[in-house]
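Input: a single structure, listed below in C-alpha coordinates.
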Amino acid sequence: KIKIINKINEGVSEARNYGIKIAKGNYILFLDGDDYFEKDLLYNLYKIVINKDIDILFFKFKTFNSISSVVEQDYDTFELLSYINKDFLYTEIFDPKCAHKFNYGTPWGKLLSRNLLIKNKIFFDINLPRTQDRVFMLDCCYHAHIIKKYNYSGYIYNYNEESICQKYNVNLWEKLLLVYQKFYNKCIYYKILEKYKNVLDKMLVSFYFESLSLQIFHHDNEQPIYLKIKYASKIYKQYIKSKIKKLNIYDFDGFRKLFVICMKCHMKILVYASFIIKDFFKQYRK
(Lines give C-alpha, C1' and ligand atoms only; values in the text may rest on other atoms or scores of the structure.)
Protein backbone atom coordinates (compact mmCIF):
# COMPACT_ATOMS: atom_id res chain seq x y z
CA LYS A 1 0.00 0.00 0.00
CA ILE A 2 2.97 2.32 0.49
CA LYS A 3 5.72 2.96 -2.04
CA ILE A 4 8.77 5.04 -1.21
CA ILE A 5 10.43 6.49 -4.30
CA ASN A 6 14.05 7.64 -4.18
CA LYS A 7 15.09 9.84 -7.08
CA ILE A 8 17.52 12.60 -7.94
CA ASN A 9 16.38 15.97 -6.62
CA GLU A 10 15.07 17.83 -9.67
CA GLY A 11 12.75 20.13 -7.76
CA VAL A 12 9.28 19.89 -6.26
CA SER A 13 7.45 20.05 -9.60
CA GLU A 14 9.32 17.08 -11.06
CA ALA A 15 8.73 15.07 -7.87
CA ARG A 16 5.01 15.81 -7.84
CA ASN A 17 4.65 15.04 -11.55
CA TYR A 18 6.40 11.71 -11.06
CA GLY A 19 4.06 10.91 -8.20
CA ILE A 20 1.01 11.68 -10.34
CA LYS A 21 2.26 9.38 -13.10
CA ILE A 22 2.99 6.36 -10.90
CA ALA A 23 -0.03 6.68 -8.57
CA LYS A 24 -2.65 3.92 -8.87
CA GLY A 25 -5.48 5.21 -6.68
CA ASN A 26 -8.51 7.21 -7.70
CA TYR A 27 -7.38 10.35 -5.89
CA ILE A 28 -4.16 12.30 -5.41
CA LEU A 29 -3.34 13.89 -2.04
CA PHE A 30 -0.31 16.16 -1.61
CA LEU A 31 1.68 16.80 1.57
CA ASP A 32 4.48 19.36 1.80
CA GLY A 33 7.64 18.28 3.57
CA ASP A 34 7.26 20.32 6.76
CA ASP A 35 3.48 19.87 7.17
CA TYR A 36 1.43 16.93 8.44
CA PHE A 37 -2.03 15.33 8.41
CA GLU A 38 -4.50 14.80 11.22
CA LYS A 39 -4.39 11.12 12.18
CA ASP A 40 -7.89 10.34 10.82
CA LEU A 41 -7.55 12.35 7.62
CA LEU A 42 -7.49 9.48 5.12
CA TYR A 43 -10.42 7.72 6.75
CA ASN A 44 -12.51 10.90 6.90
CA LEU A 45 -11.80 11.75 3.25
CA TYR A 46 -12.49 8.17 2.16
CA LYS A 47 -15.96 8.29 3.74
CA ILE A 48 -16.76 11.39 1.71
CA VAL A 49 -15.59 10.36 -1.76
CA ILE A 50 -16.47 6.66 -1.73
CA ASN A 51 -19.11 5.97 -4.39
CA LYS A 52 -19.14 9.65 -5.39
CA ASP A 53 -17.89 11.21 -8.61
CA ILE A 54 -16.03 14.22 -7.19
CA ASP A 55 -13.26 15.87 -9.21
CA ILE A 56 -11.91 18.14 -6.45
CA LEU A 57 -12.65 18.01 -2.74
CA PHE A 58 -11.36 21.01 -0.77
CA PHE A 59 -10.90 20.65 2.98
CA LYS A 60 -9.67 23.07 5.62
CA PHE A 61 -6.25 23.56 7.12
CA LYS A 62 -5.00 24.58 10.57
CA THR A 63 -1.76 26.42 11.24
CA PHE A 64 1.03 25.10 13.41
CA ASN A 65 3.26 27.88 14.75
CA SER A 66 6.79 26.48 14.82
CA ILE A 67 7.90 29.09 17.36
CA SER A 68 5.17 28.55 19.97
CA SER A 69 4.55 24.89 18.98
CA VAL A 70 0.82 25.57 19.09
CA VAL A 71 -1.77 24.33 16.59
CA GLU A 72 -4.68 26.71 16.15
CA GLN A 73 -8.11 25.29 16.87
CA ASP A 74 -11.05 25.35 14.50
CA TYR A 75 -14.64 24.15 14.60
CA ASP A 76 -15.42 21.35 12.16
CA THR A 77 -18.95 20.32 11.23
CA PHE A 78 -17.79 17.45 8.97
CA GLU A 79 -20.38 18.68 6.48
CA LEU A 80 -20.05 18.19 2.73
CA LEU A 81 -20.78 21.60 1.26
CA SER A 82 -22.30 22.41 -2.11
CA TYR A 83 -20.62 23.08 -5.45
CA ILE A 84 -18.20 26.01 -5.53
CA ASN A 85 -18.67 28.76 -8.09
CA LYS A 86 -15.74 28.77 -10.54
CA ASP A 87 -15.63 32.57 -10.67
CA PHE A 88 -14.90 32.52 -6.96
CA LEU A 89 -12.22 29.86 -7.41
CA TYR A 90 -10.44 31.70 -10.21
CA THR A 91 -10.40 34.92 -8.20
CA GLU A 92 -9.01 33.10 -5.16
CA ILE A 93 -6.29 31.47 -7.26
CA PHE A 94 -5.25 34.81 -8.78
CA ASP A 95 -5.65 36.73 -5.51
CA PRO A 96 -5.51 34.21 -2.62
CA LYS A 97 -7.13 35.08 0.71
CA CYS A 98 -7.48 31.56 2.21
CA ALA A 99 -11.13 32.34 2.89
CA HIS A 100 -12.66 30.37 5.77
CA LYS A 101 -9.49 28.28 6.06
CA PHE A 102 -9.84 26.72 2.61
CA ASN A 103 -6.68 27.27 0.59
CA TYR A 104 -7.73 27.24 -3.05
CA GLY A 105 -4.42 28.02 -4.74
CA THR A 106 -2.21 25.20 -3.43
CA PRO A 107 -2.17 21.48 -4.30
CA TRP A 108 -2.31 20.58 -0.59
CA GLY A 109 -5.55 20.74 1.38
CA LYS A 110 -7.60 18.96 -1.26
CA LEU A 111 -8.26 15.63 -2.94
CA LEU A 112 -7.76 15.67 -6.70
CA SER A 113 -9.19 13.06 -9.02
CA ARG A 114 -6.29 11.29 -10.71
CA ASN A 115 -8.50 10.75 -13.75
CA LEU A 116 -9.02 14.54 -13.95
CA LEU A 117 -5.26 15.07 -14.02
CA ILE A 118 -4.35 12.27 -16.44
CA LYS A 119 -7.27 12.83 -18.83
CA ASN A 120 -6.53 16.54 -19.18
CA LYS A 121 -2.74 16.18 -18.97
CA ILE A 122 -2.52 18.44 -15.95
CA PHE A 123 0.97 18.56 -14.47
CA PHE A 124 3.16 21.09 -12.69
CA ASP A 125 5.12 23.41 -14.97
CA ILE A 126 8.79 22.58 -14.33
CA ASN A 127 9.84 25.84 -16.01
CA LEU A 128 8.20 27.95 -13.31
CA PRO A 129 10.58 28.32 -10.34
CA ARG A 130 7.90 29.96 -8.19
CA THR A 131 4.10 29.94 -7.69
CA GLN A 132 3.64 26.93 -9.97
CA ASP A 133 1.04 25.64 -7.49
CA ARG A 134 -1.52 28.28 -8.44
CA VAL A 135 -1.04 27.70 -12.17
CA PHE A 136 -1.58 23.98 -11.57
CA MET A 137 -4.77 24.67 -9.60
CA LEU A 138 -6.13 26.95 -12.34
CA ASP A 139 -5.85 24.03 -14.77
CA CYS A 140 -7.53 21.68 -12.28
CA CYS A 141 -10.44 24.00 -11.54
CA TYR A 142 -11.01 24.83 -15.20
CA HIS A 143 -11.36 21.18 -16.22
CA ALA A 144 -13.21 19.98 -13.10
CA HIS A 145 -16.98 19.42 -13.25
CA ILE A 146 -17.86 18.42 -9.68
CA ILE A 147 -16.17 20.48 -6.96
CA LYS A 148 -17.08 20.19 -3.28
CA LYS A 149 -15.94 21.56 0.08
CA TYR A 150 -15.63 19.48 3.23
CA ASN A 151 -15.83 21.27 6.58
CA TYR A 152 -12.97 19.39 8.16
CA SER A 153 -9.53 20.68 9.23
CA GLY A 154 -7.39 17.72 8.29
CA TYR A 155 -4.24 19.46 7.06
CA ILE A 156 -1.74 21.04 9.46
CA TYR A 157 0.27 23.82 7.82
CA ASN A 158 3.62 24.53 9.46
CA TYR A 159 4.14 28.29 9.56
CA ASN A 160 7.81 29.18 9.89
CA GLU A 161 8.95 32.81 9.74
CA GLU A 162 12.37 31.65 8.59
CA SER A 163 10.98 29.62 5.68
CA ILE A 164 12.29 30.04 2.15
CA CYS A 165 9.25 32.17 1.30
CA GLN A 166 10.48 34.84 3.75
CA LYS A 167 14.15 34.94 2.73
CA TYR A 168 16.10 36.89 0.13
CA ASN A 169 15.21 35.61 -3.30
CA VAL A 170 17.58 36.42 -6.14
CA ASN A 171 15.83 37.41 -9.39
CA LEU A 172 12.43 37.13 -7.70
CA TRP A 173 10.84 39.71 -10.00
CA GLU A 174 11.87 37.77 -13.11
CA LYS A 175 10.44 34.57 -11.60
CA LEU A 176 7.12 36.22 -10.69
CA LEU A 177 6.87 37.91 -14.07
CA LEU A 178 7.08 34.45 -15.67
CA VAL A 179 4.16 33.36 -13.49
CA TYR A 180 2.08 36.39 -14.50
CA GLN A 181 2.77 35.76 -18.18
CA LYS A 182 1.84 32.09 -17.78
CA PHE A 183 -1.46 33.05 -16.12
CA TYR A 184 -2.11 35.67 -18.81
CA ASN A 185 -1.60 33.15 -21.63
CA LYS A 186 -3.73 30.52 -19.92
CA CYS A 187 -6.56 33.03 -19.49
CA ILE A 188 -6.38 33.74 -23.21
CA TYR A 189 -6.47 30.01 -23.97
CA TYR A 190 -9.37 29.42 -21.58
CA LYS A 191 -11.16 32.52 -22.97
CA ILE A 192 -11.53 34.18 -19.57
CA LEU A 193 -9.01 37.03 -19.97
CA GLU A 194 -11.49 39.89 -20.29
CA LYS A 195 -13.27 38.87 -17.11
CA TYR A 196 -10.11 38.55 -15.02
CA LYS A 197 -7.73 41.08 -16.57
CA ASN A 198 -8.21 43.48 -13.65
CA VAL A 199 -7.44 40.70 -11.15
CA LEU A 200 -4.32 39.77 -13.13
CA ASP A 201 -3.19 43.41 -13.06
CA LYS A 202 -3.61 43.41 -9.29
CA MET A 203 -1.58 40.18 -9.15
CA LEU A 204 1.30 41.80 -11.02
CA VAL A 205 1.29 44.85 -8.73
CA SER A 206 1.29 42.53 -5.69
CA PHE A 207 4.20 40.62 -7.23
CA TYR A 208 6.03 43.94 -7.53
CA PHE A 209 5.57 44.73 -3.84
CA GLU A 210 6.73 41.22 -2.97
CA SER A 211 9.86 41.73 -5.07
CA LEU A 212 10.57 45.06 -3.37
CA SER A 213 10.50 43.29 -0.01
CA LEU A 214 12.20 39.96 -0.71
CA GLN A 215 14.62 40.93 -3.46
CA ILE A 216 15.30 44.55 -4.32
CA PHE A 217 15.40 46.19 -0.87
CA HIS A 218 16.27 43.09 1.11
CA HIS A 219 19.36 43.48 3.32
CA ASP A 220 21.05 40.49 1.69
CA ASN A 221 21.00 42.33 -1.62
CA GLU A 222 24.45 43.93 -1.51
CA GLN A 223 23.92 46.41 -4.34
CA PRO A 224 24.25 50.12 -3.54
CA ILE A 225 20.96 51.75 -2.63
CA TYR A 226 20.92 53.97 -5.74
CA LEU A 227 21.12 50.89 -7.97
CA LYS A 228 18.27 49.25 -6.06
CA ILE A 229 16.10 52.34 -6.56
CA LYS A 230 17.09 52.54 -10.22
CA TYR A 231 16.11 48.89 -10.79
CA ALA A 232 12.82 49.27 -8.88
CA SER A 233 11.98 52.40 -10.92
CA LYS A 234 12.77 50.62 -14.18
CA ILE A 235 10.34 47.79 -13.36
CA TYR A 236 7.72 50.32 -12.26
CA LYS A 237 7.94 52.31 -15.48
CA GLN A 238 7.91 49.25 -17.74
CA TYR A 239 5.28 47.05 -16.06
CA ILE A 240 3.53 48.65 -13.09
CA LYS A 241 2.75 52.31 -13.84
CA SER A 242 0.03 51.59 -16.39
CA LYS A 243 -1.56 48.97 -14.10
CA ILE A 244 -1.58 51.28 -11.08
CA LYS A 245 -3.47 53.94 -13.02
CA LYS A 246 -6.33 51.56 -13.80
CA LEU A 247 -6.63 49.83 -10.43
CA ASN A 248 -8.87 51.02 -7.61
CA ILE A 249 -7.17 51.60 -4.26
CA TYR A 250 -9.95 49.54 -2.65
CA ASP A 251 -8.69 46.51 -4.56
CA PHE A 252 -5.92 46.44 -1.95
CA ASP A 253 -5.83 46.39 1.83
CA GLY A 254 -3.37 47.22 4.59
CA PHE A 255 -0.08 48.82 3.68
CA ARG A 256 -0.47 47.89 0.03
CA LYS A 257 -3.40 50.27 -0.22
CA LEU A 258 -1.14 53.08 1.05
CA PHE A 259 1.58 52.07 -1.40
CA VAL A 260 -0.87 52.24 -4.31
CA ILE A 261 -2.09 55.68 -3.16
CA CYS A 262 1.50 56.95 -3.03
CA MET A 263 2.24 55.61 -6.49
CA LYS A 264 -0.94 57.12 -7.91
CA CYS A 265 0.26 60.43 -6.45
CA HIS A 266 3.70 60.03 -8.09
CA MET A 267 5.43 59.43 -4.75
CA LYS A 268 6.92 56.02 -5.36
CA ILE A 269 10.12 57.06 -3.57
CA LEU A 270 8.10 56.99 -0.32
CA VAL A 271 7.16 53.41 -1.07
CA TYR A 272 10.80 52.48 -1.60
CA ALA A 273 11.76 54.27 1.63
CA SER A 274 9.07 52.28 3.48
CA PHE A 275 10.55 48.96 2.35
CA ILE A 276 14.07 50.11 3.25
CA ILE A 277 12.97 51.17 6.76
CA LYS A 278 10.91 48.00 7.22
CA ASP A 279 13.90 45.82 6.35
CA PHE A 280 16.13 47.83 8.68
CA PHE A 281 13.85 47.33 11.68
CA LYS A 282 13.40 43.67 10.79
CA GLN A 283 17.16 43.26 11.07
CA TYR A 284 17.33 45.37 14.22
CA ARG A 285 14.84 43.11 16.01
CA LYS A 286 17.08 40.11 15.31
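Residues are referred to by chain and number: the chain letter is A, B, ... according to the order shown in the C-alpha coordinates, the number counts from 1 in that chain, and ligands are numbered separately from 1 in the order shown.
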Item to complete: Return as a ChimeraX atom specification the full set of residues in range 34-204 of chain A whose backbone-based DSSP assignment is strand (DSSP E or B).
Response: /A:36-37,56-65,70-71,80-81,108,110-113,147-159
Applying 12 Å and only C-alpha atoms, which residues near Ile8 in chain A remain after dropping the ones on its own chain fewer than 5 positions away? List them as a PDB file with N, CA and C atoms, in the first residue's frame.
ATOM      1  N   GLU A  14       8.973  18.377 -10.471  1.00  0.00           N
ATOM      2  CA  GLU A  14       9.324  17.081 -11.058  1.00  0.00           C
ATOM      3  C   GLU A  14       8.897  15.944 -10.133  1.00  0.00           C
ATOM      4  N   ALA A  15       9.100  16.112  -8.830  1.00  0.00           N
ATOM      5  CA  ALA A  15       8.734  15.068  -7.868  1.00  0.00           C
ATOM      6  C   ALA A  15       7.223  14.844  -7.854  1.00  0.00           C
ATOM      7  N   TYR A  18       6.061  13.128 -11.072  1.00  0.00           N
ATOM      8  CA  TYR A  18       6.395  11.708 -11.065  1.00  0.00           C
ATOM      9  C   TYR A  18       5.399  10.939 -10.200  1.00  0.00           C
TER      10      TYR A  18
END
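Considering the residues A:Thr77, A:Asn17, A:Asn248, A:Ser211 and counting only C-alpha atoms, Phe124 in chain A has its shortest atom-to-atom contact with A:Asn17.
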Fill in: Minimum-distance residue to Lys278 in chain A, chosen among A:Phe64, A:Phe217, A:Phe259, A:Phe123 (using only C-alpha atoms)
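Nearest candidate to Lys278 in chain A out of A:Phe64, A:Phe217, A:Phe259, A:Phe123: A:Phe217.
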Worksheet entry | Shell of 12 Å around Phe136 in chain A, only C-alpha atoms, local chain residues under 3 positions omitted, as JSON, numbers by chain | {"A": [13, 16, 17, 90, 93, 94, 104, 105, 106, 107, 108, 112, 117, 120, 121, 122, 123, 124, 125, 126, 128, 130, 131, 132, 133, 139, 140, 141, 142, 143, 179, 182, 183, 186]}
Fill in: Residues flagged alpha helix (DSSP H) by DSSP in range 57-201 of chain A, as an MDAnalysis selection string
chainID A and resid 86:94 114:119 132:143 172:189 193:201
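Proximity to Leu258 in chain A at 12 Å, evaluated using only C-alpha atoms and with sequence-adjacent residues fewer than 4 positions away removed, yields Phe209, Asn248, Ile249, Tyr250, Asp251, Phe252, Asp253, Gly254, Cys262, Met263, Lys264, Cys265, Met267, Lys268, Leu270, Val271 and Ser274 of chain A.
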For the selection just defined, write its residues with N, CA, C and O atoms to a file, as a CSV table (one decimal), in the first residue's frame.
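Generated file (again-v8.csv):
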chain,number,residue,atom,x,y,z
A,209,PHE,N,5.3,44.4,-5.3
A,209,PHE,CA,5.6,44.7,-3.8
A,209,PHE,C,6.3,43.6,-3.2
A,209,PHE,O,7.2,43.8,-2.3
A,248,ASN,N,-8.2,50.3,-8.7
A,248,ASN,CA,-8.9,51.0,-7.6
A,248,ASN,C,-8.1,50.8,-6.3
A,248,ASN,O,-7.7,49.6,-6.1
A,249,ILE,N,-7.9,51.8,-5.5
A,249,ILE,CA,-7.2,51.6,-4.3
A,249,ILE,C,-7.9,50.6,-3.3
A,249,ILE,O,-7.2,50.0,-2.5
A,250,TYR,N,-9.2,50.5,-3.5
A,250,TYR,CA,-10.0,49.5,-2.6
A,250,TYR,C,-9.8,48.1,-3.1
A,250,TYR,O,-10.3,47.2,-2.4
A,251,ASP,N,-9.0,47.9,-4.2
A,251,ASP,CA,-8.7,46.5,-4.6
A,251,ASP,C,-7.6,45.9,-3.6
A,251,ASP,O,-7.4,44.7,-3.6
A,252,PHE,N,-7.0,46.8,-2.8
A,252,PHE,CA,-5.9,46.4,-1.9
A,252,PHE,C,-6.3,46.7,-0.5
A,252,PHE,O,-7.3,47.5,-0.2
A,253,ASP,N,-5.6,46.1,0.4
A,253,ASP,CA,-5.8,46.4,1.8
A,253,ASP,C,-4.5,46.6,2.6
A,253,ASP,O,-3.4,46.3,2.0
A,254,GLY,N,-4.6,47.0,3.8
A,254,GLY,CA,-3.4,47.2,4.6
A,254,GLY,C,-2.4,48.2,4.0
A,254,GLY,O,-2.8,49.2,3.4
A,262,CYS,N,0.3,56.2,-2.8
A,262,CYS,CA,1.5,57.0,-3.0
A,262,CYS,C,1.9,56.9,-4.5
A,262,CYS,O,2.3,57.9,-5.1
A,263,MET,N,1.8,55.7,-5.1
A,263,MET,CA,2.2,55.6,-6.5
A,263,MET,C,1.3,56.3,-7.4
A,263,MET,O,1.7,56.9,-8.4
A,264,LYS,N,0.0,56.3,-7.1
A,264,LYS,CA,-0.9,57.1,-7.9
A,264,LYS,C,-0.6,58.6,-7.8
A,264,LYS,O,-0.9,59.4,-8.7
A,265,CYS,N,-0.1,59.0,-6.7
A,265,CYS,CA,0.3,60.4,-6.4
A,265,CYS,C,1.7,60.7,-6.8
A,265,CYS,O,2.3,61.8,-6.4
A,267,MET,N,4.5,59.4,-5.9
A,267,MET,CA,5.4,59.4,-4.8
A,267,MET,C,6.0,58.0,-4.5
A,267,MET,O,6.0,57.6,-3.3
A,268,LYS,N,6.4,57.4,-5.5
A,268,LYS,CA,6.9,56.0,-5.4
A,268,LYS,C,8.2,56.0,-4.5
A,268,LYS,O,8.5,54.9,-3.9
A,270,LEU,N,8.6,57.3,-1.7
A,270,LEU,CA,8.1,57.0,-0.3
A,270,LEU,C,7.9,55.5,-0.1
A,270,LEU,O,8.1,55.0,1.0
A,271,VAL,N,7.4,54.9,-1.2
A,271,VAL,CA,7.2,53.4,-1.1
A,271,VAL,C,8.5,52.7,-0.9
A,271,VAL,O,8.6,51.8,0.0
A,274,SER,N,9.8,53.1,2.5
A,274,SER,CA,9.1,52.3,3.5
A,274,SER,C,9.7,50.9,3.5
A,274,SER,O,9.8,50.3,4.6
Worksheet item: Near Asp35 in chain A, counting only C-alpha atoms, which residues have an atom at most 12 Å away, once you skip same-chain residues fewer than 2 positions from it, shown as a PyMOL selection string?
Response: chain A and resi 30-33+37-38+61-66+71+108-109+154-160
Using N, CA and C atoms, can you write the selected residues to a file as a PDB file, in the first residue's frame?
ATOM      1  N   PHE A  30      -1.672  15.632  -1.755  1.00  0.00           N
ATOM      2  CA  PHE A  30      -0.314  16.160  -1.608  1.00  0.00           C
ATOM      3  C   PHE A  30      -0.036  16.564  -0.161  1.00  0.00           C
ATOM      4  N   LEU A  31       1.230  16.384   0.240  1.00  0.00           N
ATOM      5  CA  LEU A  31       1.680  16.798   1.568  1.00  0.00           C
ATOM      6  C   LEU A  31       3.053  17.441   1.425  1.00  0.00           C
ATOM      7  N   ASP A  32       3.180  18.706   1.832  1.00  0.00           N
ATOM      8  CA  ASP A  32       4.481  19.364   1.803  1.00  0.00           C
ATOM      9  C   ASP A  32       5.373  18.823   2.909  1.00  0.00           C
ATOM     10  N   GLY A  33       6.670  18.942   2.714  1.00  0.00           N
ATOM     11  CA  GLY A  33       7.639  18.275   3.571  1.00  0.00           C
ATOM     12  C   GLY A  33       7.604  18.654   5.038  1.00  0.00           C
ATOM     13  N   PHE A  37      -0.596  15.602   8.426  1.00  0.00           N
ATOM     14  CA  PHE A  37      -2.035  15.333   8.410  1.00  0.00           C
ATOM     15  C   PHE A  37      -2.549  15.048   9.821  1.00  0.00           C
ATOM     16  N   GLU A  38      -3.832  15.331  10.037  1.00  0.00           N
ATOM     17  CA  GLU A  38      -4.498  14.801  11.220  1.00  0.00           C
ATOM     18  C   GLU A  38      -4.549  13.273  11.087  1.00  0.00           C
ATOM     19  N   PHE A  61      -7.551  23.762   6.499  1.00  0.00           N
ATOM     20  CA  PHE A  61      -6.246  23.564   7.122  1.00  0.00           C
ATOM     21  C   PHE A  61      -6.177  24.341   8.437  1.00  0.00           C
ATOM     22  N   LYS A  62      -5.320  23.873   9.334  1.00  0.00           N
ATOM     23  CA  LYS A  62      -4.997  24.577  10.568  1.00  0.00           C
ATOM     24  C   LYS A  62      -3.515  24.913  10.552  1.00  0.00           C
ATOM     25  N   THR A  63      -3.147  25.972  11.240  1.00  0.00           N
ATOM     26  CA  THR A  63      -1.763  26.423  11.238  1.00  0.00           C
ATOM     27  C   THR A  63      -1.035  25.995  12.509  1.00  0.00           C
ATOM     28  N   PHE A  64       0.140  25.425  12.313  1.00  0.00           N
ATOM     29  CA  PHE A  64       1.032  25.098  13.412  1.00  0.00           C
ATOM     30  C   PHE A  64       2.123  26.154  13.457  1.00  0.00           C
ATOM     31  N   ASN A  65       2.233  26.861  14.584  1.00  0.00           N
ATOM     32  CA  ASN A  65       3.263  27.879  14.747  1.00  0.00           C
ATOM     33  C   ASN A  65       4.527  27.216  15.278  1.00  0.00           C
ATOM     34  N   SER A  66       5.571  27.203  14.456  1.00  0.00           N
ATOM     35  CA  SER A  66       6.789  26.480  14.815  1.00  0.00           C
ATOM     36  C   SER A  66       7.542  27.144  15.967  1.00  0.00           C
ATOM     37  N   VAL A  71      -0.905  24.494  17.754  1.00  0.00           N
ATOM     38  CA  VAL A  71      -1.773  24.332  16.591  1.00  0.00           C
ATOM     39  C   VAL A  71      -3.075  25.086  16.860  1.00  0.00           C
ATOM     40  N   TRP A 108      -1.973  21.223  -1.864  1.00  0.00           N
ATOM     41  CA  TRP A 108      -2.311  20.584  -0.589  1.00  0.00           C
ATOM     42  C   TRP A 108      -3.650  21.119  -0.069  1.00  0.00           C
ATOM     43  N   GLY A 109      -4.258  20.352   0.827  1.00  0.00           N
ATOM     44  CA  GLY A 109      -5.549  20.741   1.376  1.00  0.00           C
ATOM     45  C   GLY A 109      -6.713  20.391   0.465  1.00  0.00           C
ATOM     46  N   GLY A 154      -8.228  18.905   8.253  1.00  0.00           N
ATOM     47  CA  GLY A 154      -7.388  17.715   8.289  1.00  0.00           C
ATOM     48  C   GLY A 154      -5.940  17.950   7.936  1.00  0.00           C
ATOM     49  N   TYR A 155      -5.615  19.163   7.479  1.00  0.00           N
ATOM     50  CA  TYR A 155      -4.242  19.463   7.059  1.00  0.00           C
ATOM     51  C   TYR A 155      -3.631  20.453   8.047  1.00  0.00           C
ATOM     52  N   ILE A 156      -2.426  20.158   8.522  1.00  0.00           N
ATOM     53  CA  ILE A 156      -1.735  21.042   9.455  1.00  0.00           C
ATOM     54  C   ILE A 156      -0.583  21.713   8.717  1.00  0.00           C
ATOM     55  N   TYR A 157      -0.737  23.021   8.534  1.00  0.00           N
ATOM     56  CA  TYR A 157       0.267  23.821   7.816  1.00  0.00           C
ATOM     57  C   TYR A 157       1.281  24.377   8.797  1.00  0.00           C
ATOM     58  N   ASN A 158       2.550  24.100   8.564  1.00  0.00           N
ATOM     59  CA  ASN A 158       3.622  24.529   9.462  1.00  0.00           C
ATOM     60  C   ASN A 158       4.098  25.916   9.055  1.00  0.00           C
ATOM     61  N   TYR A 159       3.713  26.918   9.844  1.00  0.00           N
ATOM     62  CA  TYR A 159       4.138  28.288   9.564  1.00  0.00           C
ATOM     63  C   TYR A 159       5.482  28.557  10.224  1.00  0.00           C
ATOM     64  N   ASN A 160       6.462  28.928   9.403  1.00  0.00           N
ATOM     65  CA  ASN A 160       7.811  29.184   9.893  1.00  0.00           C
ATOM     66  C   ASN A 160       8.290  30.516   9.324  1.00  0.00           C
TER      67      ASN A 160
END
Hey, could you make a per-residue contact list for range 78-108 of chain A against range 44-54 of chain A with 10 Å as the cut-off, showing the nearest pair of atoms and its distance in Å to one decimal, counting only C-alpha atoms, sorted by chain and number, as JSON lines?
{"residue": "A:Phe78", "atom": "CA", "partner": "A:Asn44", "partner_atom": "CA", "distance": 8.7}
{"residue": "A:Glu79", "atom": "CA", "partner": "A:Ile48", "partner_atom": "CA", "distance": 9.4}
{"residue": "A:Leu80", "atom": "CA", "partner": "A:Ile48", "partner_atom": "CA", "distance": 7.6}
Would you write out those residues with all heavy atoms, as a CSV table (one decimal), in the first residue's frame?
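Now in again14.csv:
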chain,number,residue,atom,x,y,z
A,78,PHE,N,-17.9,18.7,9.8
A,78,PHE,CA,-17.8,17.4,9.0
A,78,PHE,C,-18.9,17.4,8.0
A,78,PHE,O,-19.5,16.3,7.7
A,78,PHE,CB,-17.8,16.2,9.9
A,78,PHE,CG,-16.6,16.1,10.7
A,78,PHE,CD1,-16.6,16.7,12.0
A,78,PHE,CD2,-15.4,15.5,10.3
A,78,PHE,CE1,-15.5,16.6,12.8
A,78,PHE,CE2,-14.3,15.5,11.1
A,78,PHE,CZ,-14.3,16.0,12.4
A,79,GLU,N,-19.3,18.6,7.4
A,79,GLU,CA,-20.4,18.7,6.5
A,79,GLU,C,-19.8,18.8,5.1
A,79,GLU,O,-18.9,19.5,4.8
A,79,GLU,CB,-21.2,19.9,6.8
A,79,GLU,CG,-22.4,20.2,5.9
A,79,GLU,CD,-23.1,21.5,6.2
A,79,GLU,OE1,-22.6,22.2,7.1
A,79,GLU,OE2,-24.1,21.8,5.5
A,80,LEU,N,-20.4,18.1,4.1
A,80,LEU,CA,-20.1,18.2,2.7
A,80,LEU,C,-20.8,19.4,2.1
A,80,LEU,O,-22.1,19.3,2.1
A,80,LEU,CB,-20.4,16.9,2.0
A,80,LEU,CG,-20.0,16.9,0.5
A,80,LEU,CD1,-18.4,17.0,0.3
A,80,LEU,CD2,-20.4,15.6,-0.2
Worksheet item: Closest to Ser113 in chain A among A:Phe280, A:Tyr226, A:Tyr168, A:Phe58, using only C-alpha atoms?
Response: A:Phe58
Item to complete: Write out as an MDAnalysis selection string the residues lying within 12 Å of Leu247 in chain A, counting only C-alpha atoms and excluding same-chain residues fewer than 5 positions away.
Response: chainID A and resid 197:206 240:242 252 257 260:261 263:264
